[in-house]
Amino acid sequence: MPVTKDAVIERLKTVNGPDFTGNIVDLGMVSEIFIADGKVFFSITVPAARAQEMEPLRAAAERVVKAIPGVAGAVVALTAEKKGGGMEAPVPSRPAPRPAPAAAPRAAPHAPASQSQGRRGVPGIEAIIAVASGKGGVGKSTTAVNLALGLAANGLRVGVLDADIYGPSMPRLLDIHGRPQTVDGKIMKPMQNYGLKVMSMGFLVDEETPMIWRGPMVMSALTQMLREVEWGALDVLVVDMPPGTGDAQLTMAQQVPLAGAVIVSTPQDLALIDARKGLNMFKKVDVPLLGIVENMSYFLAPDTGKRYDIFGHGGARREAERLGVTFLGEVPLEMGIRESSDAGAPVVVSKPDGAEAKIYRDIATKVWDRVNEERGAAEAAVPSIVFE
């Protein structure tokens, strides 16, 4: 028997609201419910000030829905009503450097701000892009791999570094198995598939082996996977960052001349709150912000074509506008994207003529345009040396 909305609602009435004041349905906390292929999608609106403590409520709702006969899975997200605010206002541009006295030469800096001293490039790699998010579960790795494939489809030579030491995804997403070979017992050869050169901790340890490492070990592993790999000549290396703003992110941001960062978020307010942390971290370490991608932006019912904004819609675009950051695009909540990723054949290569593949290629085009804009701005900012 197919699962009905009424059955889901009745089961959700057994979940108490905050402070046991009633159930989440009668309190009006449950969004419109959508059901497709036995999977149930909805969000729960909670007080913004108490959002962090509401995860048990979300988990309880997910648990009771999954227990309904016929339910194959449930996607439940927390969202919050904001009362103003949002991401910080755009950072004011730096004042132009004051010219040196006429008798002295004006020395050009060795590199633009995002490539300051202490950040050493990787031979053969023209640009390094970080794909990051403030929290897990927003589809960052799927976005990163399809972005990389979109860049390759646009004619660039592309590599992917899976910087998520604790939860590497690239071996599964790109259907790559086995161990990397070495050149001389020290330098590793990257693994390859779909035209991408790839390195991941998932190639070096078994999938089920837990990585119980402290910060220095993570930093060392990242450095080795970046600098002790025979990448060859690449136009761009896409780095799939772990979620959050911890050791791995700081290692990459402080030691590598990143061409910029792409932030991935979902539309709901709580994901945007966490995305803000990632944006702020990159700003503080002077890494250009290439733009924001809104993932799981909307859902198109496969039977009717009707659009559902299950997790809200447009939040990332509004935040990008508020911050003065490029909005790169909206990626729908589409079963095919998840299924093809799980199967190791991302949509950009498995369905290159599909609507979702076009979205990723368009995002890739915008990202590369932004990289070139940042390069041009950096070159224009370099003053010439004048002797008088």
# chains A, B, ... in the order shown; residues from 1 in each chain; ligands from 1
>>> select_by_dssp(residues="stretch 2-84 of chain A", states="strand (DSSP E)", output="number ranges by chain")
A: 34-36, 39-47, 73-81
>>> residues_around(residues="A:Val76", least_positions_apart="6", cutoff="8 Å", atoms="only C-alpha atoms", output="ChimeraX atom specification")
/A:41-44,58,61-62
>>> closest_residue(among="A:Pro243, A:Pro171, A:Gly305, A:Gly202", to="A:Asp342", atoms="only C-alpha atoms")
A:Pro171
>>> select_by_dssp(residues="stretch 151-267 of chain A", states="alpha helix (DSSP H)", output="list in words")
Leu151, Ala152, Ala153, Met170, Pro171, Arg172, Leu173, Gly215, Pro216, Met217, Val218, Met219, Ser220, Ala221, Leu222, Thr223, Gln224, Met225, Leu226, Arg227, Asp247, Ala248, Gln249, Leu250, Thr251, Met252, Ala253, Gln254 and Gln255 of chain A
>>> atom_distance(atom1="atom CA of A:Arg227", atom2="atom CA of A:Pro123")
8.6 Å
>>> residues_around(residues="A:Gly195", least_positions_apart="5", cutoff="10 Å", atoms="only C-alpha atoms", output="list in words")
Ala148, Leu149, Ala152, Ala153, Arg157, Val158 and Gly159 of chain A
>>> residues_around(residues="A:Val371", least_positions_apart="6", cutoff="12 Å", atoms="only C-alpha atoms", output="ChimeraX atom specification")
/A:114,126-130,235-236,258-262,287-291,326,364-365,377-378
>>> closest_residue(among="A:Val138, A:Val183, A:Val349, A:Met241", to="A:Asn295", atoms="only C-alpha atoms")
A:Val138
>>> closest_residue(among="A:Thr266, A:Gln192, A:Thr79, A:Ser169", to="A:Met54", atoms="only C-alpha atoms")
A:Thr79
>>> closest_residue(among="A:Ala253, A:Phe34, A:Ser200, A:Ala345", to="A:Tyr298", atoms="only C-alpha atoms")
A:Phe34
>>> closest_residue(among="A:Met219, A:Leu250, A:Val46, A:Ala316", to="A:Pro18", atoms="only C-alpha atoms")
A:Val46
>>> closest_residue(among="A:Phe311, A:Leu12, A:Thr251, A:Met188", to="A:Arg120", atoms="only C-alpha atoms")
A:Thr251
>>> atom_distance(atom1="atom CA of A:Asn16", atom2="atom CA of A:Thr4")
21.2 Å
>>> atom_distance(atom1="atom CA of A:Arg179", atom2="atom CA of A:Phe203")
5.4 Å
>>> residues_around(residues="A:Gly70", least_positions_apart="3", cutoff="7 Å", atoms="only C-alpha atoms", output="list in words")
Met1, Pro2, Val3 and Gly38 of chain A
